[in-house]
Amino acid sequence: MTARIGVVTFPGSLDDRDAQRAVRLAGAEPVALWHRDKDLHQVDAVVLPGGFSYGDYLRCGAISRFSPVMDTVIEQAREGLPVLGICNGFQVLCESHLLPGALTRNDSLHFVCRDQRLRIENTSTAWTGAYVPNAEITVPLKNGEGRFVADEHTLDQLEAEGRVVARYLDVNPNGSYRDIAGISNAAGNVVGLMPHPEHAIEPLTGPGTEGLGFFASILKQLVSA
């Protein structure tokens, strides 16, 4: 049976179609989910894509957190549903308190768009199991408010529990504390990532195919479950 992975569209989502394509190329069935619909339509996992949900008018992800679909996503994520938040989706996960910390303005106060090298530091999550430990990959990054911040206790806890999923290499593009590019919850089913793996799935349209591993990872876990 083909795994079904839902991709939520909020008003202002930009990368929902790209995420759906990544899901399809990984071998799963993408399912479009609308932000006002609480029904997840029996999907096996959910992706919250990048963009500018609700125009980021209040605070990135702050309004989307109260979309009807998020009530169900939050409830089911706490019960083990795999959820990946990319860029704006990462912000939504933090606003939903499924992940700790917050994403704030880049330290340069400028929007950053570049191909970014990362190190995958945790391969035990639902979304990184297809990578080898400490794999170094390159995926696009594009954000104006991508600076991950948290208090020292939270940062120490993330480090001690191995919940830093990805870290920036060569350059820290936005001033994120401890070069953190992505984190997970304690169970490893919820992952937030600021760079965009869905833009690195085909040689023609990205810096390579190294982002596809995030989508292959969840498919691998769902098939083996």
# chains A, B, ... in the order shown; residues from 1 in each chain; ligands from 1
call {"tool": "residues_around", "arguments": {"residues": "Asp179 of chain A", "least_positions_apart": "4", "cutoff": "7 Å", "atoms": "only C-alpha atoms", "output": "ChimeraX atom specification"}}
result
/A:167-168,172
call {"tool": "residues_around", "arguments": {"residues": "Gln157 of chain A", "least_positions_apart": "5", "cutoff": "12 Å", "atoms": "only C-alpha atoms", "output": "PDB file with N, CA and C atoms, in the first residue's frame"}}
result
ATOM      1  N   PRO A 100      10.585  23.491  20.607  1.00  0.00           N
ATOM      2  CA  PRO A 100      10.957  24.628  21.458  1.00  0.00           C
ATOM      3  C   PRO A 100      11.646  25.733  20.659  1.00  0.00           C
ATOM      4  N   GLY A 101      11.834  26.873  21.305  1.00  0.00           N
ATOM      5  CA  GLY A 101      12.557  27.963  20.680  1.00  0.00           C
ATOM      6  C   GLY A 101      11.685  28.792  19.770  1.00  0.00           C
ATOM      7  N   ALA A 150      16.878  30.284  21.418  1.00  0.00           N
ATOM      8  CA  ALA A 150      16.295  29.633  22.598  1.00  0.00           C
ATOM      9  C   ALA A 150      17.171  29.986  23.788  1.00  0.00           C
ATOM     10  N   ASP A 151      16.653  29.788  24.981  1.00  0.00           N
ATOM     11  CA  ASP A 151      17.463  30.058  26.165  1.00  0.00           C
ATOM     12  C   ASP A 151      18.539  28.976  26.314  1.00  0.00           C
ATOM     13  N   GLU A 152      19.546  29.259  27.120  1.00  0.00           N
ATOM     14  CA  GLU A 152      20.685  28.354  27.250  1.00  0.00           C
ATOM     15  C   GLU A 152      20.280  26.975  27.760  1.00  0.00           C
ATOM     16  N   GLY A 162      20.514  14.990  21.760  1.00  0.00           N
ATOM     17  CA  GLY A 162      20.743  14.693  20.348  1.00  0.00           C
ATOM     18  C   GLY A 162      19.627  15.156  19.443  1.00  0.00           C
ATOM     19  N   ARG A 163      18.981  16.249  19.801  1.00  0.00           N
ATOM     20  CA  ARG A 163      17.820  16.711  19.039  1.00  0.00           C
ATOM     21  C   ARG A 163      18.149  17.807  18.023  1.00  0.00           C
ATOM     22  N   VAL A 164      19.434  18.131  17.896  1.00  0.00           N
ATOM     23  CA  VAL A 164      19.847  19.006  16.797  1.00  0.00           C
ATOM     24  C   VAL A 164      19.945  18.119  15.561  1.00  0.00           C
ATOM     25  N   ILE A 183      15.799  21.046  14.206  1.00  0.00           N
ATOM     26  CA  ILE A 183      15.702  20.308  15.471  1.00  0.00           C
ATOM     27  C   ILE A 183      14.525  19.334  15.406  1.00  0.00           C
ATOM     28  N   SER A 184      14.463  18.465  16.399  1.00  0.00           N
ATOM     29  CA  SER A 184      13.336  17.527  16.503  1.00  0.00           C
ATOM     30  C   SER A 184      12.741  17.595  17.898  1.00  0.00           C
ATOM     31  N   ASN A 185      11.568  17.003  18.042  1.00  0.00           N
ATOM     32  CA  ASN A 185      11.022  16.810  19.384  1.00  0.00           C
ATOM     33  C   ASN A 185      11.694  15.598  20.016  1.00  0.00           C
ATOM     34  N   ALA A 186      11.361  15.318  21.272  1.00  0.00           N
ATOM     35  CA  ALA A 186      12.029  14.230  21.986  1.00  0.00           C
ATOM     36  C   ALA A 186      11.766  12.884  21.337  1.00  0.00           C
TER      37      ALA A 186
END
call {"tool": "residues_around", "arguments": {"residues": "segment 128-144 of chain A", "least_positions_apart": "2", "cutoff": "9 Å", "atoms": "only C-alpha atoms", "output": "PyMOL selection string"}}
result
chain A and resi 87-88+104-106+109-126+146-147+165-166+169+173-174+194-200+206-211+213-218+220-221
call {"tool": "write_last_selection", "arguments": {"atoms": "N, CA and C atoms", "output": "short mmCIF file (atom, residue, chain, number, x, y, z; two decimals), in the first residue's frame"}}
result
data_model
loop_
_atom_site.label_atom_id
_atom_site.label_comp_id
_atom_site.auth_asym_id
_atom_site.auth_seq_id
_atom_site.Cartn_x
_atom_site.Cartn_y
_atom_site.Cartn_z
N CYS A 87 11.04 25.69 6.86
CA CYS A 87 11.08 27.15 6.83
C CYS A 87 9.86 27.73 7.57
N ASN A 88 8.88 28.26 6.87
CA ASN A 88 7.69 28.78 7.54
C ASN A 88 7.01 27.68 8.35
N THR A 104 13.58 34.10 14.58
CA THR A 104 13.52 35.55 14.60
C THR A 104 14.25 36.13 13.39
N ARG A 105 14.25 37.46 13.29
CA ARG A 105 14.89 38.13 12.16
C ARG A 105 16.35 37.72 12.02
N ASN A 106 16.79 37.51 10.79
CA ASN A 106 18.19 37.23 10.54
C ASN A 106 19.06 38.32 11.18
N LEU A 109 19.56 41.32 9.23
CA LEU A 109 18.33 42.05 8.92
C LEU A 109 18.02 42.07 7.43
N HIS A 110 18.62 41.14 6.69
CA HIS A 110 18.38 41.01 5.26
C HIS A 110 17.85 39.62 4.94
N PHE A 111 17.05 39.54 3.89
CA PHE A 111 16.61 38.24 3.38
C PHE A 111 17.82 37.53 2.78
N VAL A 112 17.95 36.24 3.07
CA VAL A 112 19.08 35.44 2.59
C VAL A 112 18.57 34.36 1.65
N CYS A 113 19.19 34.24 0.48
CA CYS A 113 18.86 33.19 -0.48
C CYS A 113 20.17 32.63 -1.02
N ARG A 114 20.46 31.37 -0.71
CA ARG A 114 21.74 30.79 -1.10
C ARG A 114 21.65 29.27 -1.04
N ASP A 115 22.57 28.59 -1.72
CA ASP A 115 22.74 27.16 -1.52
C ASP A 115 23.57 26.98 -0.26
N GLN A 116 23.05 26.18 0.66
CA GLN A 116 23.64 26.09 2.00
C GLN A 116 24.08 24.67 2.32
N ARG A 117 25.31 24.54 2.79
CA ARG A 117 25.80 23.25 3.24
C ARG A 117 25.31 22.99 4.66
N LEU A 118 24.92 21.74 4.90
CA LEU A 118 24.44 21.31 6.21
C LEU A 118 25.12 20.01 6.61
N ARG A 119 25.16 19.77 7.91
CA ARG A 119 25.55 18.46 8.41
C ARG A 119 24.34 17.85 9.11
N ILE A 120 23.98 16.63 8.71
CA ILE A 120 22.87 15.92 9.34
C ILE A 120 23.42 15.23 10.59
N GLU A 121 23.01 15.71 11.75
CA GLU A 121 23.60 15.24 13.01
C GLU A 121 22.76 14.20 13.73
N ASN A 122 21.53 14.04 13.33
CA ASN A 122 20.67 13.04 13.96
C ASN A 122 19.97 12.26 12.87
N THR A 123 20.32 11.00 12.73
CA THR A 123 19.71 10.15 11.70
C THR A 123 18.69 9.18 12.29
N SER A 124 18.26 9.44 13.52
CA SER A 124 17.29 8.55 14.15
C SER A 124 15.87 9.11 14.12
N THR A 125 15.68 10.28 13.49
CA THR A 125 14.33 10.83 13.41
C THR A 125 13.56 10.20 12.25
N ALA A 126 12.27 10.43 12.25
CA ALA A 126 11.42 9.90 11.17
C ALA A 126 11.80 10.48 9.81
N GLY A 146 14.97 33.50 9.88
CA GLY A 146 15.39 32.11 10.04
C GLY A 146 16.33 31.88 11.19
N ARG A 147 16.51 32.87 12.03
CA ARG A 147 17.47 32.79 13.14
C ARG A 147 16.84 32.02 14.31
N VAL A 165 19.03 18.30 14.64
CA VAL A 165 18.94 17.44 13.47
C VAL A 165 19.94 17.85 12.40
N ALA A 166 20.08 19.15 12.19
CA ALA A 166 20.98 19.65 11.15
C ALA A 166 21.63 20.93 11.64
N LEU A 169 27.00 24.55 7.98
CA LEU A 169 28.43 24.41 7.77
C LEU A 169 28.96 25.59 6.96
N PRO A 173 24.16 31.48 8.08
CA PRO A 173 23.56 32.50 7.21
C PRO A 173 22.61 33.47 7.91
N ASN A 174 22.19 33.13 9.12
CA ASN A 174 21.16 33.97 9.76
C ASN A 174 21.40 34.24 11.24
N MET A 194 14.99 24.82 8.73
CA MET A 194 14.89 26.11 8.06
C MET A 194 15.24 26.04 6.56
N PRO A 195 16.30 25.34 6.14
CA PRO A 195 16.56 25.21 4.69
C PRO A 195 15.50 24.35 4.00
N HIS A 196 15.55 24.32 2.66
CA HIS A 196 14.49 23.73 1.85
C HIS A 196 14.95 22.46 1.12
N PRO A 197 14.78 21.28 1.70
CA PRO A 197 15.17 20.06 1.00
C PRO A 197 14.33 19.78 -0.24
N GLU A 198 13.11 20.30 -0.28
CA GLU A 198 12.23 20.06 -1.44
C GLU A 198 12.73 20.76 -2.69
N HIS A 199 13.70 21.68 -2.53
CA HIS A 199 14.28 22.35 -3.68
C HIS A 199 15.59 21.69 -4.13
N ALA A 200 15.91 20.56 -3.53
CA ALA A 200 17.14 19.84 -3.91
C ALA A 200 16.80 18.37 -4.14
N GLY A 206 17.84 22.22 -8.90
CA GLY A 206 18.46 22.52 -7.62
C GLY A 206 19.95 22.27 -7.66
N PRO A 207 20.62 22.43 -6.52
CA PRO A 207 22.06 22.20 -6.46
C PRO A 207 22.42 20.71 -6.52
N GLY A 208 21.42 19.85 -6.51
CA GLY A 208 21.63 18.41 -6.52
C GLY A 208 20.38 17.71 -6.04
N THR A 209 20.53 16.50 -5.57
CA THR A 209 19.38 15.71 -5.12
C THR A 209 19.48 15.35 -3.64
N GLU A 210 20.34 16.03 -2.91
CA GLU A 210 20.63 15.61 -1.54
C GLU A 210 19.49 15.92 -0.57
N GLY A 211 18.54 16.74 -0.97
CA GLY A 211 17.40 17.00 -0.11
C GLY A 211 16.36 15.90 -0.12
N GLY A 213 16.56 12.96 0.58
CA GLY A 213 16.68 12.04 1.70
C GLY A 213 15.66 12.27 2.80
N PHE A 214 15.23 13.51 3.00
CA PHE A 214 14.21 13.77 4.02
C PHE A 214 12.91 13.06 3.69
N PHE A 215 12.56 13.04 2.42
CA PHE A 215 11.31 12.43 1.99
C PHE A 215 11.46 10.91 1.84
N ALA A 216 12.64 10.48 1.44
CA ALA A 216 12.89 9.03 1.39
C ALA A 216 12.92 8.45 2.79
N SER A 217 13.36 9.25 3.76
CA SER A 217 13.45 8.76 5.14
C SER A 217 12.09 8.43 5.71
N ILE A 218 11.11 9.32 5.50
CA ILE A 218 9.78 9.04 6.07
C ILE A 218 9.13 7.87 5.36
N LYS A 220 10.71 5.32 4.09
CA LYS A 220 11.41 4.14 4.63
C LYS A 220 10.82 3.75 5.98
N GLN A 221 10.58 4.74 6.83
CA GLN A 221 10.03 4.43 8.16
C GLN A 221 8.60 3.90 8.06
#
call {"tool": "atom_distance", "arguments": {"atom1": "atom CA of Asp71 of chain A", "atom2": "atom CA of Ile180 of chain A"}}
result
27.3 Å
call {"tool": "closest_residue", "arguments": {"among": "A:Ala77, A:Leu84, A:Leu212, A:Leu58", "to": "Val7 of chain A", "atoms": "only C-alpha atoms"}}
result
A:Leu84
call {"tool": "closest_atom_pairs", "arguments": {"of": "segment 25-73 of chain A", "to": "segment 93-96 of chain A", "cutoff": "12 Å", "atoms": "only C-alpha atoms", "output": "tab-separated table"}}
result
residue	atom	partner	partner_atom	distance
A:Val46	CA	A:Leu93	CA	11.8
A:Val47	CA	A:Leu93	CA	10.8
A:Leu48	CA	A:Leu93	CA	8.5
A:Pro49	CA	A:Leu93	CA	11.0
A:Gly50	CA	A:Leu93	CA	11.9
A:Leu58	CA	A:Glu95	CA	11.8
A:Arg59	CA	A:Glu95	CA	9.2
A:Cys60	CA	A:Glu95	CA	8.4
A:Gly61	CA	A:Glu95	CA	6.2
A:Ala62	CA	A:Glu95	CA	5.7
A:Ile63	CA	A:Glu95	CA	8.8
A:Ser64	CA	A:Glu95	CA	8.7
A:Arg65	CA	A:Ser96	CA	5.5
A:Phe66	CA	A:Ser96	CA	8.3
A:Ser67	CA	A:Ser96	CA	10.6
A:Val69	CA	A:Ser96	CA	11.9
A:Met70	CA	A:Ser96	CA	8.2
A:Asp71	CA	A:Ser96	CA	9.3
A:Thr72	CA	A:Ser96	CA	11.6
A:Val73	CA	A:Ser96	CA	9.7
call {"tool": "atom_distance", "arguments": {"atom1": "atom CA of Val31 of chain A", "atom2": "atom CA of Ile5 of chain A"}}
result
5.8 Å
call {"tool": "closest_residue", "arguments": {"among": "A:Leu103, A:Val43, A:Ile86, A:Ile74", "to": "Leu14 of chain A", "atoms": "only C-alpha atoms"}}
result
A:Ile86
